[in-house]
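Trainee: Got a file for you: data.cif, mmCIF, C-alpha atoms and all ligand atoms.
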data_query
#
loop_
_atom_site.label_atom_id
_atom_site.label_comp_id
_atom_site.auth_asym_id
_atom_site.auth_seq_id
_atom_site.Cartn_x
_atom_site.Cartn_y
_atom_site.Cartn_z
CA MET A 1 106.56 75.65 90.56
CA GLU A 2 104.12 73.01 91.65
CA LEU A 3 104.21 73.51 95.39
CA GLN A 4 100.51 73.20 96.11
CA ALA A 5 100.42 69.54 95.11
CA GLU A 6 103.12 68.67 97.65
CA MET A 7 101.67 70.66 100.52
CA GLU A 8 99.20 69.56 103.13
CA PRO A 9 96.61 72.33 103.51
CA ARG A 10 95.55 72.73 107.15
CA ASP A 11 91.81 73.17 106.61
CA VAL A 12 89.56 74.17 103.70
CA ALA A 13 90.44 73.90 100.04
CA PRO A 14 91.37 77.05 98.09
CA HIS A 15 88.67 79.07 96.37
CA PRO A 16 87.20 77.51 93.17
CA PRO A 17 88.49 78.78 89.81
CA LEU A 18 86.87 81.97 88.56
CA PRO A 19 85.39 82.16 85.03
CA SER A 20 88.03 83.97 82.96
CA ASP A 21 85.84 86.99 82.13
CA GLU A 22 84.87 87.67 85.78
CA PRO A 23 86.77 90.50 87.49
CA VAL A 24 89.24 89.26 90.09
CA VAL A 25 88.34 92.20 92.34
CA ARG A 26 85.05 94.09 92.17
CA VAL A 27 84.28 97.01 94.48
CA ARG A 28 80.88 98.67 94.31
CA GLY A 29 79.51 101.77 96.00
CA LEU A 30 82.18 101.81 98.69
CA VAL A 31 81.76 104.33 101.50
CA ASN A 32 84.48 104.78 104.13
CA ARG A 33 84.22 107.53 106.74
CA PHE A 34 86.30 108.45 109.77
CA GLY A 35 84.08 110.64 111.96
CA THR A 36 82.93 113.43 109.67
CA GLN A 37 85.75 112.82 107.17
CA VAL A 38 84.44 111.07 104.05
CA VAL A 39 87.29 109.15 102.42
CA HIS A 40 85.34 107.03 99.91
CA ASP A 41 82.01 108.32 98.68
CA GLY A 42 80.49 105.57 96.52
CA LEU A 43 83.75 104.33 95.02
CA SER A 44 83.53 101.54 92.42
CA PHE A 45 86.15 99.71 90.40
CA GLU A 46 87.08 96.36 88.93
CA VAL A 47 90.35 94.57 88.35
CA ARG A 48 90.49 92.20 85.40
CA ARG A 49 92.33 88.92 85.40
CA ASN A 50 96.01 89.21 84.50
CA GLU A 51 96.16 92.99 84.33
CA ILE A 52 98.49 95.30 86.20
CA MET A 53 96.19 97.92 87.69
CA GLY A 54 97.75 101.06 89.12
CA ILE A 55 96.00 103.01 91.87
CA VAL A 56 96.87 106.67 92.31
CA GLY A 57 95.45 109.64 94.16
CA GLY A 58 96.70 112.45 96.35
CA SER A 59 98.23 111.70 99.74
CA GLY A 60 95.31 110.92 102.04
CA ALA A 61 92.94 110.21 99.12
CA GLY A 62 92.21 106.77 100.54
CA LYS A 63 94.43 104.34 98.64
CA SER A 64 95.66 102.39 101.66
CA VAL A 65 92.20 102.45 103.25
CA LEU A 66 90.87 100.96 100.00
CA LEU A 67 93.45 98.19 100.17
CA ARG A 68 92.63 97.43 103.80
CA THR A 69 88.93 97.29 102.91
CA ILE A 70 89.52 94.91 100.00
CA LEU A 71 91.57 92.66 102.27
CA GLY A 72 88.73 92.59 104.80
CA LEU A 73 90.83 94.35 107.44
CA ARG A 74 88.37 97.22 107.60
CA GLU A 75 84.57 97.15 107.55
CA PRO A 76 83.24 99.90 105.24
CA GLN A 77 80.15 101.97 106.09
CA ALA A 78 78.56 100.88 102.78
CA GLY A 79 79.33 99.06 99.56
CA THR A 80 80.43 95.59 98.52
CA VAL A 81 83.81 94.00 97.89
CA GLU A 82 84.14 90.83 95.85
CA VAL A 83 87.45 89.02 95.54
CA PHE A 84 87.75 85.97 93.26
CA GLY A 85 83.99 86.31 92.66
CA ARG A 86 83.03 86.04 96.34
CA ASP A 87 81.49 88.79 98.48
CA ILE A 88 84.00 88.96 101.33
CA ARG A 89 81.23 89.59 103.90
CA GLU A 90 79.68 86.21 103.10
CA LEU A 91 82.81 84.21 103.84
CA SER A 92 83.13 82.03 106.91
CA PRO A 93 86.38 82.50 108.88
CA ALA A 94 87.79 79.34 107.26
CA GLU A 95 86.84 80.55 103.78
CA ARG A 96 88.46 83.90 104.54
CA ILE A 97 91.72 82.16 105.39
CA ALA A 98 91.48 80.06 102.24
CA MET A 99 90.87 83.17 100.13
CA ALA A 100 93.82 84.99 101.69
CA ARG A 101 96.06 82.18 100.45
CA GLY A 102 95.16 83.19 96.92
CA TYR A 103 96.71 86.63 97.16
CA GLY A 104 99.97 88.18 98.29
CA VAL A 105 100.31 91.62 99.86
CA THR A 106 103.11 94.06 100.54
CA PHE A 107 102.00 96.83 102.88
CA GLN A 108 103.09 100.47 102.69
CA SER A 109 104.69 100.38 106.12
CA GLY A 110 106.07 97.44 108.05
CA ALA A 111 107.03 95.49 104.95
CA LEU A 112 108.89 92.89 107.05
CA VAL A 113 108.86 91.85 110.70
CA SER A 114 112.06 93.44 111.98
CA SER A 115 112.77 90.87 114.70
CA LEU A 116 112.73 87.98 112.21
CA SER A 117 115.34 87.04 109.61
CA VAL A 118 114.42 87.26 105.93
CA ALA A 119 114.03 83.46 105.86
CA GLU A 120 111.69 83.54 108.87
CA ASN A 121 109.71 86.37 107.28
CA ILE A 122 109.22 84.42 104.06
CA GLN A 123 108.31 81.29 106.03
CA LEU A 124 105.60 83.04 108.08
CA PRO A 125 102.73 82.64 105.56
CA LEU A 126 103.90 79.12 104.72
CA ARG A 127 103.91 78.04 108.37
CA GLU A 128 100.45 79.52 108.89
CA ALA A 129 99.02 77.73 105.87
CA TYR A 130 100.79 74.38 105.76
CA THR A 131 102.63 71.80 107.80
CA LEU A 132 106.00 71.47 106.09
CA LEU A 133 109.37 69.91 106.86
CA GLU A 134 112.09 72.41 107.80
CA SER A 135 114.15 71.33 104.79
CA VAL A 136 111.19 72.05 102.48
CA LEU A 137 110.73 75.46 104.12
CA ASP A 138 114.41 76.23 103.53
CA ASP A 139 114.10 75.21 99.87
CA LEU A 140 111.02 77.40 99.45
CA VAL A 141 112.86 80.37 100.98
CA GLN A 142 115.69 79.92 98.47
CA LEU A 143 113.24 79.50 95.61
CA ASN A 144 111.42 82.71 96.47
CA LEU A 145 114.67 84.65 97.02
CA SER A 146 115.88 83.62 93.58
CA LEU A 147 112.51 84.60 92.06
CA VAL A 148 112.97 88.16 93.28
CA GLY A 149 116.68 88.31 92.42
CA LEU A 150 118.13 88.13 95.95
CA ALA A 151 121.26 86.12 96.79
CA PRO A 152 120.91 82.94 98.92
CA ASP A 153 122.79 84.45 101.88
CA VAL A 154 120.13 87.16 102.28
CA ALA A 155 118.01 84.48 103.98
CA GLU A 156 119.99 84.77 107.23
CA LYS A 157 120.01 88.58 107.34
CA TYR A 158 117.65 90.76 109.36
CA PRO A 159 115.64 93.62 107.76
CA SER A 160 117.89 96.26 109.38
CA GLN A 161 120.86 94.76 107.53
CA LEU A 162 119.25 95.22 104.10
CA SER A 163 119.08 98.18 101.72
CA GLY A 164 115.66 99.70 100.98
CA GLY A 165 115.54 97.93 97.61
CA MET A 166 116.41 94.59 99.20
CA VAL A 167 113.63 95.04 101.78
CA LYS A 168 111.14 95.65 98.95
CA ARG A 169 112.31 92.51 97.16
CA ALA A 170 112.25 90.43 100.35
CA ALA A 171 108.70 91.64 101.06
CA LEU A 172 107.77 90.61 97.53
CA ALA A 173 109.36 87.19 98.12
CA ARG A 174 107.17 86.78 101.21
CA ALA A 175 104.08 87.91 99.28
CA LEU A 176 104.84 85.32 96.59
CA SER A 177 105.49 82.45 99.00
CA LEU A 178 102.00 80.95 98.75
CA GLU A 179 102.06 81.16 94.94
CA PRO A 180 99.30 83.75 94.72
CA LYS A 181 97.53 84.62 91.51
CA LEU A 182 96.73 88.10 92.80
CA LEU A 183 99.24 90.55 94.22
CA PHE A 184 98.50 93.79 96.11
CA LEU A 185 101.43 96.19 96.38
CA ASP A 186 101.21 99.42 98.39
CA GLU A 187 103.95 101.82 97.26
CA PRO A 188 106.44 99.11 96.26
CA THR A 189 109.03 101.55 94.87
CA SER A 190 108.69 104.43 97.34
CA GLY A 191 112.03 105.48 98.79
CA LEU A 192 114.02 103.71 96.09
CA ASP A 193 116.47 105.50 93.81
CA PRO A 194 115.31 105.65 90.16
CA ILE A 195 117.55 102.77 89.05
CA SER A 196 116.41 100.46 91.87
CA ALA A 197 112.81 101.45 91.17
CA ALA A 198 113.26 100.63 87.47
CA ASP A 199 114.81 97.27 88.45
CA PHE A 200 111.82 96.55 90.69
CA ASP A 201 109.43 97.38 87.83
CA ALA A 202 111.34 95.07 85.49
CA LEU A 203 111.10 92.33 88.12
CA LEU A 204 107.36 92.93 88.49
CA LEU A 205 106.83 92.71 84.72
CA TYR A 206 108.88 89.51 84.61
CA LEU A 207 106.94 87.89 87.46
CA HIS A 208 103.65 89.07 86.03
CA GLY A 209 104.47 87.29 82.78
CA GLU A 210 105.97 84.15 84.32
CA LEU A 211 103.47 83.57 87.12
CA LYS A 212 100.36 84.89 85.28
CA LEU A 213 99.72 87.33 88.10
CA THR A 214 97.01 89.91 88.45
CA VAL A 215 98.57 92.94 90.14
CA VAL A 216 97.00 95.87 91.99
CA MET A 217 99.70 98.44 92.66
CA ILE A 218 99.25 101.61 94.66
CA THR A 219 101.97 104.05 93.67
CA HIS A 220 103.04 107.68 93.58
CA ASP A 221 105.79 106.73 91.14
CA LEU A 222 104.85 108.06 87.70
CA ASP A 223 107.75 106.28 86.02
CA SER A 224 106.51 103.03 87.47
CA LEU A 225 102.95 103.68 86.26
CA PHE A 226 104.06 104.32 82.72
CA ARG A 227 106.41 101.34 82.71
CA THR A 228 104.13 98.69 84.13
CA CYS A 229 100.39 99.44 84.24
CA ASP A 230 97.75 98.29 81.77
CA ARG A 231 95.12 100.50 83.39
CA VAL A 232 95.13 103.03 86.18
CA SER A 233 92.44 103.92 88.72
CA VAL A 234 92.54 107.42 90.15
CA ILE A 235 90.81 108.28 93.43
CA VAL A 236 89.37 111.76 93.11
CA ASP A 237 86.82 113.21 95.52
CA GLY A 238 86.17 109.82 97.08
CA ARG A 239 85.39 108.10 93.79
CA MET A 240 87.38 106.19 91.22
CA VAL A 241 88.10 106.99 87.58
CA THR A 242 89.59 104.00 85.75
CA ASP A 243 91.11 104.07 82.28
CA THR A 244 94.21 103.26 80.26
CA LEU A 245 97.03 105.79 80.53
CA PRO A 246 96.25 107.23 77.06
CA GLY A 247 92.62 107.62 78.19
CA LEU A 248 93.61 109.33 81.45
CA LEU A 249 95.96 111.67 79.58
CA LYS A 250 92.86 112.97 77.78
CA SER A 251 90.82 113.40 80.98
CA THR A 252 89.31 116.82 81.57
CA ASN A 253 89.04 116.30 85.35
CA PRO A 254 91.26 119.07 86.79
CA TRP A 255 93.12 116.85 89.31
CA ILE A 256 93.72 114.07 86.79
CA HIS A 257 94.76 116.57 84.12
CA GLU A 258 97.25 118.22 86.48
CA TYR A 259 98.59 114.85 87.68
CA PHE A 260 99.21 113.48 84.20
CA HIS A 261 100.33 116.70 82.53
CA GLY A 262 102.68 118.12 85.16
CA PRO A 263 106.41 118.22 84.39
CA ARG A 264 107.12 114.95 86.23
CA ALA A 265 104.40 113.13 84.30
CA ARG A 266 105.67 114.41 80.97
CA ALA A 267 109.19 113.28 81.80
CA ALA A 268 107.93 109.84 82.87
CA GLU A 269 105.87 109.47 79.70
CA GLN A 270 108.80 110.41 77.49
CA ALA A 271 111.17 108.11 79.35
CA ALA A 272 108.72 105.20 79.02
CA ALA A 273 108.18 105.91 75.31
CA ALA A 274 111.94 105.96 74.75
CA VAL A 275 112.65 102.57 76.31
CA LEU A 276 109.47 100.59 75.83
CA ALA A 277 107.79 99.37 72.72
CA PRO A 278 104.00 99.87 72.96
CA LYS A 279 102.53 97.27 75.31
CA ALA A 280 100.52 94.61 73.56
CA PRO A 281 97.05 94.24 75.06
CA ARG A 282 96.83 91.30 77.44
CA GLY A 283 93.96 88.87 77.37
N1 LIG B 1 92.30 104.29 111.26
C1 LIG B 1 92.07 105.55 110.86
N2 LIG B 1 91.45 106.42 111.68
C2 LIG B 1 91.18 107.68 111.29
N3 LIG B 1 91.50 108.16 110.07
C3 LIG B 1 92.10 107.33 109.22
C4 LIG B 1 92.42 105.99 109.56
N4 LIG B 1 93.03 105.40 108.50
C5 LIG B 1 93.10 106.33 107.54
N5 LIG B 1 92.55 107.49 107.96
C6 LIG B 1 92.42 108.71 107.18
O1 LIG B 1 91.88 108.37 105.91
C7 LIG B 1 92.48 109.14 104.88
C8 LIG B 1 93.02 108.23 103.83
O2 LIG B 1 94.12 107.51 104.36
P1 LIG B 1 95.01 106.54 103.45
O3 LIG B 1 96.04 105.97 104.35
O4 LIG B 1 94.15 105.60 102.71
O5 LIG B 1 95.68 107.58 102.43
P2 LIG B 1 96.57 107.24 101.16
O6 LIG B 1 95.81 107.61 99.93
O7 LIG B 1 97.07 105.85 101.25
O8 LIG B 1 97.76 108.29 101.36
P3 LIG B 1 99.34 108.14 101.13
O9 LIG B 1 99.54 108.37 99.66
O10 LIG B 1 99.92 109.25 101.93
O11 LIG B 1 99.77 106.79 101.58
C9 LIG B 1 93.54 110.00 105.57
O12 LIG B 1 93.02 111.30 105.75
C10 LIG B 1 93.78 109.31 106.87
O13 LIG B 1 94.16 110.22 107.87
MG MG B 2 98.87 104.97 101.63
#
Is it possible to express this structure as structure tokens?
Ligand SMILES: Nc1ncnc2c1ncn2[C@@H]1O[C@H](COP(=O)(O)OP(=O)(O)OP(=O)(O)O)[C@@H](O)[C@H]1O
Ligand SMILES: [Mg+2]
Mentor:
Amino acid sequence: MELQAEMEPRDVAPHPPLPSDEPVVRVRGLVNRFGTQVVHDGLSFEVRRNEIMGIVGGSGAGKSVLLRTILGLREPQAGTVEVFGRDIRELSPAERIAMARGYGVTFQSGALVSSLSVAENIQLPLREAYTLLESVLDDLVQLNLSLVGLAPDVAEKYPSQLSGGMVKRAALARALSLEPKLLFLDEPTSGLDPISAADFDALLLYLHGELKLTVVMITHDLDSLFRTCDRVSVIVDGRMVTDTLPGLLKSTNPWIHEYFHGPRARAAEQAAAAVLAPKAPRG
């Protein structure tokens, strides 16, 4: 796909290319509090170019708040967030918009706007970013639907007419519409049956390879973690522990140990080992 060359950006140019060894996302010393509740207590982590980074933690540990902070939707009490090598606090409003074109997001709730058709949902980011002919918009909708394995006629349907798995794919199609290099997914397989979840993971791995994506995926789905992630970051006690899955399996932290050695984790590990050859390290 070479869409960018044909499009007329409305204002500033996209962010400059990042040196290949620079982290795509870098969070340092993040503090997020709600009243007396401390959610993040000096949390730090980095996402490398082209990796699939999983984010886990107990319910309420602060995964979605972390995502909102990285996206600049929430101002933290302390700490810094860099995306594509830029401190997000130092961006002008125009630069912020330009940066947001470099990533795609699927949120945990409200994956699609329910009053809009799938086509209109996918066109939303495109209309905000570019001035395009209707026929080009239609072609882009079809291109993105085919990327995520949805039939052409899904374009005219409304979210309420889709299965849960189709909604997840349509939300992914919308997140991919601006050809991002970085994808944030909040619980992309939650609520899906195991086969649909496995299909979604296979799709993610395919897109990751084809589109050279860096992926940050919040998930409670252990099968998904074992199938897709190069590294995993765990939020425990307001901080982050990041490692490969083999590294985390050896962790002596009680929460991490329990999470990765419970019966569901063992089953997920065995299932992944049975169907997947060891993942080659990605550069
Ligand atoms: N706007 C807000 N106002 C007050 N408290 C908030 C707000 N947003 C989040 N919280 C609190 O921050 C904590 C972390 O919330 P968050 O949504 O990040 O959890 P999570 O790790 O994503 O959980 P889950 O796995 O259930 O999605 C929770 O205790 C939540 O109640
Ligand atoms: Mg959440």
Trainee: Need to verify the contact set: region 70-85 of chain A, 7 Å, all atoms listed in the file, exclusion of same-chain residues closer than 6 positions in sequence. Can you return it as a ChimeraX atom specification?
Mentor: /A:18,24-33
Trainee: Hey, which residues come within 9 Å of ligand MG 2 (chain B) if we count only C-alpha atoms and all ligand atoms? Could you give them as a tab-separated table (two decimals) with C-alpha atoms, keeping the file's coordinate frame?
Mentor:
chain	number	residue	atom	x	y	z
A	59	SER	CA	98.23	111.70	99.74
A	60	GLY	CA	95.31	110.92	102.04
A	61	ALA	CA	92.94	110.21	99.12
A	62	GLY	CA	92.21	106.77	100.54
A	63	LYS	CA	94.43	104.34	98.64
A	64	SER	CA	95.66	102.39	101.66
A	65	VAL	CA	92.20	102.45	103.25
A	67	LEU	CA	93.45	98.19	100.17
A	107	PHE	CA	102.00	96.83	102.88
A	108	GLN	CA	103.09	100.47	102.69
A	109	SER	CA	104.69	100.38	106.12
A	186	ASP	CA	101.21	99.42	98.39
A	187	GLU	CA	103.95	101.82	97.26
A	218	ILE	CA	99.25	101.61	94.66
A	219	THR	CA	101.97	104.05	93.67
Trainee: List every protein, DNA or RNA residue that has at least one atom no more than 6 Å from (103.2, 96.6, 96.5) in the file's coordinates, counting all atoms listed in the file, and write the result as an mmCIF file with C-alpha atoms, in the coordinates of the input.
Mentor:
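Resulting contents of point16.cif:
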data_model
loop_
_atom_site.group_PDB
_atom_site.id
_atom_site.type_symbol
_atom_site.label_atom_id
_atom_site.label_comp_id
_atom_site.auth_asym_id
_atom_site.auth_seq_id
_atom_site.Cartn_x
_atom_site.Cartn_y
_atom_site.Cartn_z
ATOM 1 C CA THR A 106 103.110 94.060 100.540
ATOM 2 C CA PHE A 184 98.500 93.790 96.110
ATOM 3 C CA LEU A 185 101.430 96.190 96.380
ATOM 4 C CA ASP A 186 101.210 99.420 98.390
ATOM 5 C CA GLU A 187 103.950 101.820 97.260
ATOM 6 C CA PRO A 188 106.440 99.110 96.260
ATOM 7 C CA MET A 217 99.700 98.440 92.660
#
Trainee: Between CA of Gln123 (chain A) and atom O3 of ligand LIG 1 (chain B), measure the distance and give it in Å to one decimal.
Mentor: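 Computing it gives 27.6 Å between the two atoms.
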Trainee: List the spatial neighbours of Ser115 (chain A) as a list in words - criterion: any atom at most 12 Å away, all atoms listed in the file, same-chain residues fewer than 5 positions off excluded.
Mentor: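 Non-adjacent residues within range: Gly110, Glu120, Asn121, Lys157, Tyr158, Pro159, Ser160 and Gln161 of chain A.
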Trainee: For ligand LIG 1 (chain B), which of A:Ser177, A:Ser190, A:Ser135, A:Thr228 is the closest residue, counting only C-alpha atoms and all ligand atoms?
Mentor: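 Checking each of A:Ser177, A:Ser190, A:Ser135, A:Thr228 against ligand LIG 1 (chain B), counting only C-alpha atoms and all ligand atoms, the winner is A:Ser190.
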Trainee: The residues within 10 Å of (89.7, 107.2, 89.8), using all atoms listed in the file and the coordinates of the file, should be reported as an NGL selection string; which are they?
Mentor: :A and (43-45 or 55-57 or 232-243 or 248 or 256)
Trainee: In Å, with one decimal, what is the gap from CA of Ser251 (chain A) to CA of Val47 (chain A)?
Mentor: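 Value for the CA of Ser251 (chain A)-CA of Val47 (chain A) distance: 20.2 Å.
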